[in-house]
Structures are given as structure tokens and as C-alpha cells.
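> Data: entry-v6.cif, mmCIF, C-alpha atoms.
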data_data
loop_
_atom_site.label_atom_id
_atom_site.label_comp_id
_atom_site.auth_asym_id
_atom_site.auth_seq_id
_atom_site.Cartn_x
_atom_site.Cartn_y
_atom_site.Cartn_z
CA VAL A 127 16.33 -11.04 -20.80
CA LEU A 128 13.92 -9.31 -18.40
CA VAL A 129 16.73 -7.15 -17.02
CA SER A 130 17.80 -6.12 -20.53
CA LEU A 131 14.23 -5.25 -21.51
CA SER A 132 13.94 -3.08 -18.41
CA PHE A 133 16.46 -0.64 -19.86
CA ILE A 134 14.23 -0.22 -22.93
CA TYR A 135 10.73 -0.42 -21.46
CA LYS A 136 11.47 1.42 -18.25
CA LYS A 137 7.86 1.93 -17.10
CA ASN A 138 5.93 -0.85 -18.82
CA LYS A 139 3.55 -2.37 -16.24
CA ILE A 140 3.36 -5.77 -17.96
CA LEU A 141 7.16 -6.06 -17.84
CA SER A 142 7.08 -4.98 -14.18
CA PHE A 143 4.71 -7.86 -13.45
CA PHE A 144 6.96 -10.43 -15.11
CA ILE A 145 10.07 -9.09 -13.33
CA LEU A 146 8.35 -9.20 -9.95
CA PHE A 147 6.87 -12.64 -10.65
CA TYR A 148 10.31 -14.00 -11.57
CA MET A 149 11.81 -12.44 -8.44
CA PHE A 150 9.04 -14.00 -6.36
CA ILE A 151 9.85 -17.44 -7.79
CA MET A 152 13.56 -16.94 -7.14
CA PHE A 153 12.90 -15.88 -3.54
CA ALA A 154 9.94 -17.98 -2.38
CA PHE A 155 11.22 -21.31 -3.72
CA SER A 156 14.93 -20.94 -2.98
CA TYR A 157 16.84 -23.43 -0.85
CA GLY A 158 20.36 -24.49 0.07
CA ASN A 159 21.96 -21.03 0.16
CA ALA A 160 24.45 -19.72 2.74
CA ASP A 161 21.88 -19.02 5.48
CA TRP A 162 19.26 -21.62 4.61
CA ASN A 163 20.07 -24.02 7.44
CA ILE A 164 20.47 -21.17 9.92
CA TYR A 165 17.03 -19.66 9.37
CA ASN A 166 15.32 -22.98 8.82
CA SER A 167 16.60 -23.91 12.27
CA ARG A 168 15.65 -20.55 13.78
CA PHE A 169 12.15 -20.91 12.39
CA ASN A 170 11.60 -24.45 13.66
CA ASN A 171 13.42 -23.97 16.99
CA TYR A 172 12.43 -20.40 17.77
CA LEU A 173 11.67 -21.10 21.43
CA GLU A 174 15.10 -22.59 22.17
CA LEU A 175 16.83 -19.77 20.25
CA SER A 176 14.68 -16.89 21.50
CA GLY A 177 17.53 -15.60 23.66
CA GLU A 178 19.73 -15.21 20.59
CA THR A 179 17.15 -13.64 18.28
CA GLU A 180 15.51 -10.22 18.29
CA PRO A 181 12.06 -10.11 19.97
CA LEU A 182 9.94 -9.16 16.95
CA PHE A 183 11.53 -11.86 14.81
CA THR A 184 10.83 -14.41 17.55
CA LEU A 185 7.24 -13.14 17.89
CA THR A 186 6.77 -13.49 14.13
CA MET A 187 7.98 -17.09 14.22
CA LYS A 188 5.68 -17.82 17.15
CA THR A 189 2.68 -16.31 15.35
CA LEU A 190 3.38 -18.21 12.13
CA HIS A 191 3.70 -21.48 14.03
CA PHE A 192 0.34 -20.76 15.64
CA PHE A 193 -1.16 -20.66 12.14
CA SER A 194 0.73 -23.85 11.17
CA PHE A 195 3.08 -22.16 8.71
CA SER A 196 6.08 -24.10 7.44
CA TYR A 197 9.41 -22.44 6.69
CA ARG A 198 8.56 -22.58 2.99
CA SER A 199 5.24 -20.84 3.64
CA PHE A 200 7.11 -18.19 5.61
CA LEU A 201 9.46 -17.58 2.65
CA MET A 202 6.50 -17.26 0.29
CA LEU A 203 4.77 -14.76 2.57
CA LEU A 204 7.98 -12.79 3.19
CA SER A 205 8.85 -12.59 -0.51
CA LEU A 206 5.33 -11.46 -1.38
CA VAL A 207 5.28 -8.69 1.22
CA PHE A 208 8.89 -7.62 0.60
CA LEU A 209 8.54 -7.36 -3.18
CA SER A 210 5.20 -5.58 -2.84
CA VAL A 211 6.81 -2.94 -0.62
CA ILE A 212 9.77 -2.61 -3.00
CA TYR A 213 7.48 -2.10 -5.98
CA PHE A 214 5.15 0.28 -4.13
CA ILE A 215 8.05 2.50 -3.07
CA THR A 216 9.64 2.35 -6.52
CA ILE A 217 6.54 3.53 -8.39
CA ARG A 218 5.95 6.22 -5.77
CA LEU A 219 9.48 7.61 -6.11
CA THR A 220 10.06 7.34 -9.86
CA LYS A 221 8.24 6.78 -13.16
CA PHE A 222 11.02 4.55 -14.50
CA SER A 223 10.35 1.70 -12.08
CA ASN A 224 11.66 -1.11 -14.28
CA LEU A 225 15.11 0.46 -14.40
CA VAL A 226 15.26 0.38 -10.60
CA LEU A 227 14.02 -3.23 -10.47
CA ALA A 228 16.59 -4.31 -13.08
CA LEU A 229 19.56 -2.81 -11.21
CA TYR A 230 18.21 -4.11 -7.90
CA PHE A 231 17.93 -7.61 -9.40
CA VAL A 232 21.61 -7.51 -10.45
CA TYR A 233 22.54 -6.56 -6.89
CA PRO A 234 21.54 -6.89 -4.04
CA PHE A 235 18.52 -9.15 -4.67
CA CYS A 236 20.45 -12.43 -4.44
CA PHE A 237 21.79 -11.25 -1.07
CA ASP A 238 18.28 -10.39 0.12
CA VAL A 239 17.14 -13.91 -0.75
CA THR A 240 19.89 -15.24 1.53
CA MET A 241 19.85 -12.84 4.52
CA ILE A 242 16.29 -13.60 5.58
CA ARG A 243 16.20 -11.75 8.90
CA PHE A 244 17.77 -8.59 7.49
CA THR A 245 15.45 -8.78 4.48
CA TYR A 246 12.46 -8.99 6.81
CA ALA A 247 13.76 -5.95 8.70
CA SER A 248 14.42 -4.16 5.40
CA ILE A 249 10.69 -3.99 4.73
CA PHE A 250 10.49 -1.37 7.47
CA VAL A 251 13.81 0.22 6.49
CA TYR A 252 12.56 0.87 2.95
CA LEU A 253 9.31 2.29 4.32
CA ALA A 254 11.36 4.50 6.65
CA PHE A 255 13.36 5.95 3.76
CA TYR A 256 10.19 6.40 1.74
CA PHE A 257 8.86 8.69 4.45
CA LEU A 258 12.23 10.42 4.85
CA LEU A 259 12.12 11.35 1.16
CA SER A 260 8.52 12.55 1.38
CA LYS A 261 7.20 16.04 2.12
CA SER A 262 5.47 14.93 5.30
CA LYS A 263 6.00 17.22 8.29
CA ARG A 264 6.36 14.12 10.45
CA LYS A 265 8.79 12.32 8.13
CA VAL A 266 11.56 12.11 10.75
CA LEU A 267 9.12 10.73 13.32
CA PHE A 268 7.89 8.07 10.88
CA PHE A 269 11.48 7.27 9.90
CA ILE A 270 12.51 6.71 13.53
CA LEU A 271 9.39 4.61 14.19
CA PHE A 272 9.99 2.26 11.27
CA ILE A 273 13.72 1.97 12.02
CA LEU A 274 12.96 1.03 15.63
CA ILE A 275 10.59 -1.67 14.38
CA ALA A 276 13.28 -2.92 11.99
CA SER A 277 15.78 -2.99 14.88
CA LEU A 278 13.49 -5.36 16.76
CA ILE A 279 13.90 -7.78 13.84
CA HIS A 280 17.60 -7.22 13.13
CA PHE A 281 19.64 -5.35 15.71
CA ALA A 282 22.03 -3.88 13.10
CA CYS A 283 19.22 -1.68 11.77
CA PHE A 284 19.61 0.70 14.70
CA LEU A 285 22.50 2.25 12.74
CA PHE A 286 19.98 3.72 10.31
CA LEU A 287 19.01 6.14 13.09
CA LEU A 288 22.15 8.07 12.16
CA PHE A 289 20.29 9.36 9.11
CA ALA A 290 17.53 10.79 11.31
CA VAL A 291 20.11 12.80 13.26
CA PHE A 292 21.23 14.55 10.08
CA GLU A 293 17.68 15.62 9.29
CA ILE A 294 17.78 18.05 12.21
CA ILE A 295 21.31 19.35 11.56
CA PRO A 296 21.48 22.54 9.44
CA GLU A 297 22.61 21.95 5.86
CA CYS A 298 25.69 24.13 6.27
CA SER A 299 26.90 22.04 9.24
CA LYS A 300 26.32 18.51 7.90
CA SER A 301 29.76 17.99 6.37
CA LYS A 302 31.49 19.08 9.59
CA ALA A 303 29.18 16.85 11.61
CA ILE A 304 30.03 13.84 9.42
CA VAL A 305 33.76 14.39 9.93
CA PHE A 306 33.33 14.91 13.68
CA LEU A 307 31.18 11.79 14.17
CA PHE A 308 33.40 9.70 11.90
CA PHE A 309 36.47 10.25 14.09
CA THR A 310 34.41 10.14 17.30
CA PHE A 311 33.19 6.64 16.43
CA PHE A 312 36.72 5.46 15.81
CA VAL A 313 37.75 6.65 19.28
CA LEU A 314 34.58 5.18 20.76
CA PHE A 315 35.25 1.73 19.37
CA VAL A 316 38.75 1.71 20.81
CA PHE A 317 37.01 2.22 24.15
CA VAL A 318 34.35 -0.39 23.42
CA GLY A 319 36.99 -2.91 22.43
CA LEU A 320 38.47 -2.65 25.92
CA ASN A 321 35.19 -2.71 27.84
CA LEU A 322 32.87 -5.27 26.26
CA SER A 323 31.45 -6.43 29.58
CA SER A 324 29.85 -3.06 30.29
CA LEU A 325 27.70 -3.42 27.14
CA THR A 326 27.01 -7.14 27.06
CA SER A 327 25.41 -6.98 30.50
CA ILE A 328 22.44 -4.96 29.14
CA SER A 329 19.33 -7.11 29.58
CA PHE A 330 16.76 -4.87 27.86
CA LEU A 331 15.38 -6.59 24.72
CA ASN A 332 18.30 -9.05 24.79
CA ILE A 333 20.61 -6.25 23.65
CA GLY A 334 23.51 -7.49 25.77
CA GLN A 335 23.17 -11.05 24.47
CA LYS A 336 22.98 -9.85 20.87
CA LEU A 337 26.09 -7.72 21.33
CA GLN A 338 27.92 -10.63 22.90
CA ASN A 339 26.94 -12.88 19.98
CA THR A 340 28.09 -10.20 17.52
CA PHE A 341 31.46 -9.71 19.20
CA THR A 342 32.03 -13.46 19.56
CA PHE A 343 31.09 -14.21 15.94
CA ALA A 344 33.29 -11.40 14.64
CA GLU A 345 36.23 -12.53 16.78
CA LEU A 346 35.95 -16.10 15.50
CA ASN A 347 35.35 -15.31 11.83
CA TYR A 348 37.06 -12.00 11.02
CA ASP A 349 40.79 -11.47 11.31
CA ASN A 350 42.39 -8.07 10.64
CA SER A 351 43.09 -8.82 6.98
CA ARG A 352 39.46 -9.71 6.29
CA ILE A 353 38.24 -6.62 8.13
CA ILE A 354 40.52 -4.39 6.05
CA LYS A 355 39.45 -6.17 2.86
CA ASN A 356 35.75 -5.69 3.61
CA ILE A 357 36.26 -2.04 4.56
CA PHE A 358 38.04 -1.57 1.23
CA LYS A 359 35.05 -3.14 -0.59
CA PHE A 360 32.67 -0.85 1.27
CA LEU A 361 34.70 2.21 0.28
CA ILE A 362 34.82 1.25 -3.41
CA VAL A 363 31.03 0.92 -3.57
CA TYR A 364 30.60 4.08 -1.50
CA PHE A 365 32.76 6.22 -3.79
CA LEU A 366 31.10 4.78 -6.90
CA GLN A 367 27.74 5.79 -5.46
CA ILE A 368 29.00 9.26 -4.60
CA PHE A 369 30.54 9.68 -8.05
CA LEU A 370 27.32 8.67 -9.81
CA LEU A 371 25.10 10.81 -7.59
CA SER A 372 27.43 13.82 -7.86
CA TYR A 373 27.47 13.49 -11.65
CA ILE A 374 23.70 13.31 -12.15
CA ARG A 375 23.07 15.84 -9.36
CA LYS A 376 25.26 18.41 -11.08
CA ILE A 377 23.50 17.91 -14.42
CA VAL A 378 19.97 18.01 -12.96
CA ASN A 379 20.69 21.13 -10.91
CA LYS A 380 22.13 22.80 -14.00
CA LEU A 381 19.07 21.87 -16.06
CA SER A 382 16.80 23.12 -13.29
CA ASN A 383 18.52 26.51 -13.23
CA SER A 384 18.76 27.01 -16.99
CA ASN A 385 15.48 25.56 -18.26
CA ARG A 386 11.83 26.02 -17.42
CA LEU A 387 11.30 22.36 -16.64
CA SER A 388 8.97 20.85 -14.04
CA ILE A 389 11.65 18.77 -12.38
CA ALA A 390 11.59 20.04 -8.80
CA ARG A 391 10.50 16.65 -7.41
CA GLN A 392 13.23 14.71 -9.21
CA ARG A 393 15.89 17.30 -8.34
CA ASN A 394 14.95 17.32 -4.65
CA GLN A 395 14.99 13.53 -4.44
CA ILE A 396 18.39 13.26 -6.10
CA ASN A 397 19.80 15.90 -3.74
CA ARG A 398 18.31 14.17 -0.70
CA ILE A 399 19.60 10.75 -1.75
CA PHE A 400 23.04 12.26 -2.31
CA GLN A 401 23.07 13.65 1.24
CA ILE A 402 21.85 10.34 2.70
CA THR A 403 24.51 8.38 0.80
CA LYS A 404 27.24 10.82 1.82
CA THR A 405 26.27 10.31 5.46
CA SER A 406 26.62 6.51 5.10
CA ILE A 407 30.42 6.84 5.47
CA LEU A 408 29.66 6.82 9.20
CA ILE A 409 28.94 3.09 8.92
CA LEU A 410 32.64 2.46 8.29
CA PRO A 411 33.85 2.70 11.93
CA PHE A 412 31.20 0.15 12.96
CA MET A 413 32.77 -2.36 10.58
CA ILE A 414 35.77 -2.48 12.92
CA ILE A 415 33.53 -4.34 15.37
CA ASP A 416 31.69 -6.47 12.81
CA THR A 417 32.18 -6.17 9.05
CA ASP A 418 28.68 -7.54 8.53
CA PHE A 419 27.51 -3.98 9.13
CA PHE A 420 28.28 -3.50 5.43
CA ARG A 421 24.69 -4.65 4.81
CA ILE A 422 23.54 -1.18 5.89
CA GLN A 423 24.77 -0.13 2.44
CA ILE A 424 22.22 -2.38 0.69
CA PRO A 425 19.08 -0.20 1.04
CA LEU A 426 21.20 2.82 0.08
CA LEU A 427 22.06 1.15 -3.23
CA PHE A 428 18.35 0.89 -3.91
CA LEU A 429 18.04 4.65 -3.29
CA THR A 430 20.94 5.23 -5.68
CA TYR A 431 19.05 3.34 -8.38
CA VAL A 432 15.99 5.49 -7.68
CA ALA A 433 18.08 8.63 -8.10
CA LEU A 434 19.43 7.34 -11.43
CA ALA A 435 15.90 6.56 -12.63
CA ASN A 436 14.81 10.08 -11.69
CA TYR A 437 17.73 11.46 -13.66
CA PHE A 438 16.51 9.62 -16.76
CA ASP A 439 13.04 10.95 -16.03
CA VAL A 440 14.49 14.47 -16.14
CA ARG A 441 16.23 13.67 -19.43
CA ALA A 442 12.99 12.32 -20.85
CA ILE A 443 11.18 15.56 -19.91
CA LYS A 444 13.92 17.71 -21.44
CA ASN A 445 14.32 15.73 -24.67
CA ARG A 446 10.65 14.71 -24.90
CA THR A 447 11.57 11.08 -25.41
CA ASP A 448 12.02 8.00 -23.20
CA LEU A 449 15.00 6.73 -25.20
CA LEU A 450 17.73 5.85 -22.73
CA PHE A 451 20.83 6.78 -24.71
CA ILE A 452 19.57 9.97 -26.35
CA THR A 453 22.61 11.96 -25.11
CA ARG A 454 26.18 11.17 -24.11
CA TYR A 455 25.31 12.29 -20.58
CA SER A 456 22.59 9.65 -20.33
CA PHE A 457 24.89 7.01 -21.79
CA THR A 458 27.62 7.91 -19.30
CA SER A 459 25.17 7.89 -16.38
CA CYS A 460 23.86 4.48 -17.42
CA LEU A 461 27.39 3.07 -17.57
CA ILE A 462 28.23 4.45 -14.12
CA GLY A 463 24.94 3.09 -12.75
CA LEU A 464 25.70 -0.36 -14.15
CA SER A 465 29.23 -0.15 -12.73
CA VAL A 466 27.80 0.53 -9.25
CA SER A 467 25.51 -2.50 -9.47
CA PHE A 468 27.95 -4.95 -11.08
CA SER A 469 30.91 -3.77 -8.98
CA SER A 470 28.89 -4.41 -5.82
CA LEU A 471 27.93 -7.84 -7.14
CA TYR A 472 31.55 -8.70 -7.90
CA LEU A 473 33.06 -7.32 -4.69
CA TRP A 474 30.58 -8.78 -2.22
CA ILE A 475 29.55 -12.00 -3.98
CA LEU A 476 31.50 -13.12 -7.04
CA SER A 477 35.03 -12.49 -5.74
CA GLY A 478 34.82 -14.68 -2.63
CA PRO A 479 33.15 -17.71 -1.03
CA ASN A 480 29.74 -16.07 -1.51
CA TYR A 481 29.98 -17.01 -5.19
CA ILE A 482 29.06 -20.62 -4.34
CA SER A 483 26.90 -20.15 -1.24
CA VAL A 484 24.94 -17.11 -2.50
CA PHE A 485 25.23 -16.52 -6.25
CA LYS A 486 25.45 -20.11 -7.51
CA ALA A 487 22.89 -21.29 -4.98
CA PHE A 488 20.57 -18.46 -6.07
CA TYR A 489 20.43 -19.73 -9.66
CA GLU A 490 20.82 -23.48 -9.13
CA ASN A 491 18.82 -24.19 -5.96
CA ASN A 492 15.20 -23.40 -6.75
CA ILE A 493 12.31 -25.83 -6.49
CA VAL A 494 10.33 -24.35 -9.38
CA LEU A 495 13.21 -23.74 -11.80
CA ASN A 496 14.60 -27.22 -11.17
CA LEU A 497 11.40 -28.63 -12.70
CA PHE A 498 12.64 -27.34 -16.05
#
Render the structure in this file as C-alpha cells.


Amino acid sequence: VLVSLSFIYKKNKILSFFILFYMFIMFAFSYGNADWNIYNSRFNNYLELSGETEPLFTLTMKTLHFFSFSYRSFLMLLSLVFLSVIYFITIRLTKFSNLVLALYFVYPFCFDVTMIRFTYASIFVYLAFYFLLSKSKRKVLFFILFILIASLIHFACFLFLLFAVFEIIPECSKSKAIVFLFFTFFVLFVFVGLNLSSLTSISFLNIGQKLQNTFTFAELNYDNSRIIKNIFKFLIVYFLQIFLLSYIRKIVNKLSNSNRLSIARQRNQINRIFQITKTSILILPFMIIDTDFFRIQIPLLFLTYVALANYFDVRAIKNRTDLLFITRYSFTSCLIGLSVSFSSLYLWILSGPNYISVFKAFYENNIVLNLF
């Protein structure tokens, strides 16, 4: 019901509160999902597992234990901070915040409730992208800083540094650079696959141990058919994002050129998010090593929802109304946006074992909701 209302009352603050409160309940009081036992154990046995966990995550566990936090208290604190950051960034980037929250709730929120360590790291990833989309002269510096912090919580976040590289490449050369790096990474990982020992011996910040754990886990859990299947899922979501962003980008740029509308902010954000999303194809070669790198796509889906909300903001300015389906273009954009969200939900959760361990657990295993 709350999600449906978000498409009608796209910037109602009272509705925003109820959506966020419901999300807090779903996150803070969850239990029994796919990674529950893993992170419950990591929290309570952080000293024994410190060699297998990133340093900032271990330091966080140590600090919380010092203040006598339980794992449940940690989840409550994490959900409060995470959702606060999500909402802060949403209202700073678009007026239609409830639309973003609704699509985010469909997917990937249930995944964020499960992947605790990556969700913790995502706090800094979202802040990094917030600065990257800003007009700050030091936006790249802030982006790198926050991504490095995130990488100390979840090692996979270092891949987000790829987006910083493309901030210093001239616009006319970005497409060529993407193609060059895409094929370079494929060649690189053929080399890496033959020389694992040269990387797993790195002792700095437990990088070698983390790489060894990643390679070992991937070897035990992912055969070639599963790798190909997950790469195919990644590509479907990627091309849906690109299709949606290309569609709304073309319309907004056309409106900007043919009408005297004050939409420079929305247009620039949509163009920037399109470029960021286009660059994310570089994640694909890394999935050869470990298909769990698909999670890099999750924050980018959030940015896609922001771009869609800004498109509707542009439509509202042009048509002088907040009605969502005022034109066939808006109706089409909404359908594509929903297809991105629901397709991602189906591909990554509903179509496989995650249906029980993530989706079903998300709705059935909650201390507060079980009271009713």
C-alpha cells in the first residue's frame, strides 16, 4: 500500500516517514535470512575472525562490544544510519523522494537487509556518489575518500574507484576508454587466474587473505554455468537501465533545448547518472573471478531511480502538474522504471534459491511483524 501511494504522493513528507519507519522495522528486527548466521557469528566472534574480515568492520564490531551492544542493537543502529543517509541523499537529489523510496523498496532493499557488511559499506558508497553528482570542485577527492572507507568495510567496494577514473577522462574519449578497459580486464583475469599466489601473498590490510577467501569461495560455489547465468542476469539489468536512462535523457535534453524551462539541475544529473551507469559494464569482467561482484550494480540502481524521479520533476515543471501519467511519455517511463526494479527483483531473488533465504525470510522472519 505504501509503495502504491508513493507513485501518487511522490513528495509527501508524512508518507516518507511511514515508508522509512516500515523499512526500519523490516531491517532492524529481521532474522533468519541467508546471511543471518554468518554475521551474527562475525559480530560475536570478531576477534577469532578478524583475519577474514576487513579492518574497519572488525574495528566497528570491537567498538560496539566495548559499549555492550548486541547483534540486534547493531542491526537497529545500522538500519537507522543507513536509512537516514538514503533519505538525506534522496531529498537532496530529487523532489520526488517517495518515488525513489518505493522503487528502492521493491529492489534492492530486501537484499540490503541480508548483506549486512555490504550494506554497512554502502553508507559510504552512497555518500561518495552524492558528492560525485554535486558541483563541488573536490567531488572526485571526496568520492575516492568515501570509497576507500567503504573498501575497509567490504573489499569489493574498491571497484567503485573505476568511476573516479572516468571523471578525469575527457568526455569525447570515455566510450573508447570503456571498450579498452573492458577487454583489458578480460586479458588481465586470464593472467590472474594462472597466478593467484602472487596476489594472495599481499599482507597489507589483509588484502591477500581476503582475495584468497574470495577465490576459494568462488571455486567451491560457482561453476561455469552459474557464472554465465549470473553474467546474463547482470547484462539484462544493465541494458534495462541504459534503455530507461537513454529514453528519459533524450526527452529531457530535447525539452531543455526547445523550452525555456529551469531544468538544468535535473538534466545534468540524468546525464551524469547515464554516464556512470554506462561505465558499470566494466564490472562484468570481475564477475569471472567472483559473480558476487554483481552487488556493485545495487547502488547504481538507486541512482537510476533518482534519474527517473528527476525526469518526472521535469515533466511536472513543463506540464505544471505533479500527476504521474499526464503524458504517454511519463506513462512509458514509469513502466520502464518498474520493469527495471521488478526485473532485478525477479532475476536476482525470485528466480532462484534467494526466494526462500532472502525474499520469503524478509517478509516472514520479523520480530515485530510476527506479533501481529

> May I ask which of the residues A:Leu258, A:Leu429, A:Leu361, A:Val266 is the closest one to Ile399 in chain A, counting only C-alpha atoms?

A:Leu429

> If we count all atoms listed in the file and set the cut-off at 12 Å, which residues sit around Ala487 in chain A, ignoring sequence neighbours fewer than 2 positions away in its own chain? Please answer as a list in words.

Met152, Phe153, Phe155, Ser156, Tyr157, Gly158, Asn159, Ala160, Asp161, Trp162, Cys236, Phe237, Val239, Thr240, Ile475, Pro479, Asn480, Tyr481, Ile482, Ser483, Val484, Phe485, Tyr489, Glu490, Asn491, Asn492, Ile493 and Asn496 of chain A

> Can you turn the PyMOL selection byres ((chain A and resi 302-308) around 9) into a concrete residue list for this file, as a list of chain:residue names?

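The output of the PyMOL selection byres ((chain A and resi 302-308) around 9) on this file is A:Phe292, A:Ile295, A:Cys298, A:Ser299, A:Lys300, A:Ser301, A:Phe309, A:Thr310, A:Phe311, A:Phe312, A:Lys404, A:Thr405, A:Ile407, A:Leu408, A:Ile409, A:Leu410, A:Pro411.
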
> Evaluate the PyMOL selection byres ((chain A and resi 220) around 8) and record the selected residues as a VMD selection string, following the chain and residue labels used in the document.

chain A and resid 216 to 219 221 to 223 432 435 to 436 439

> Just how far from CA of Tyr431 in chain A is CA of Lys139 in chain A, in Å to one decimal?

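Value for the CA of Lys139 in chain A-CA of Tyr431 in chain A distance: 18.3 Å.
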
> Return as a PyMOL selection string the set of residues that the PyMOL selection byres ((chain A and resi 268) around 12) yields on the displayed structure.

chain A and resi 250-267+269-275+287+290

> What does the distance from CA of Val232 in chain A to CA of Leu471 in chain A come to in Å, to one decimal?

7.1 Å
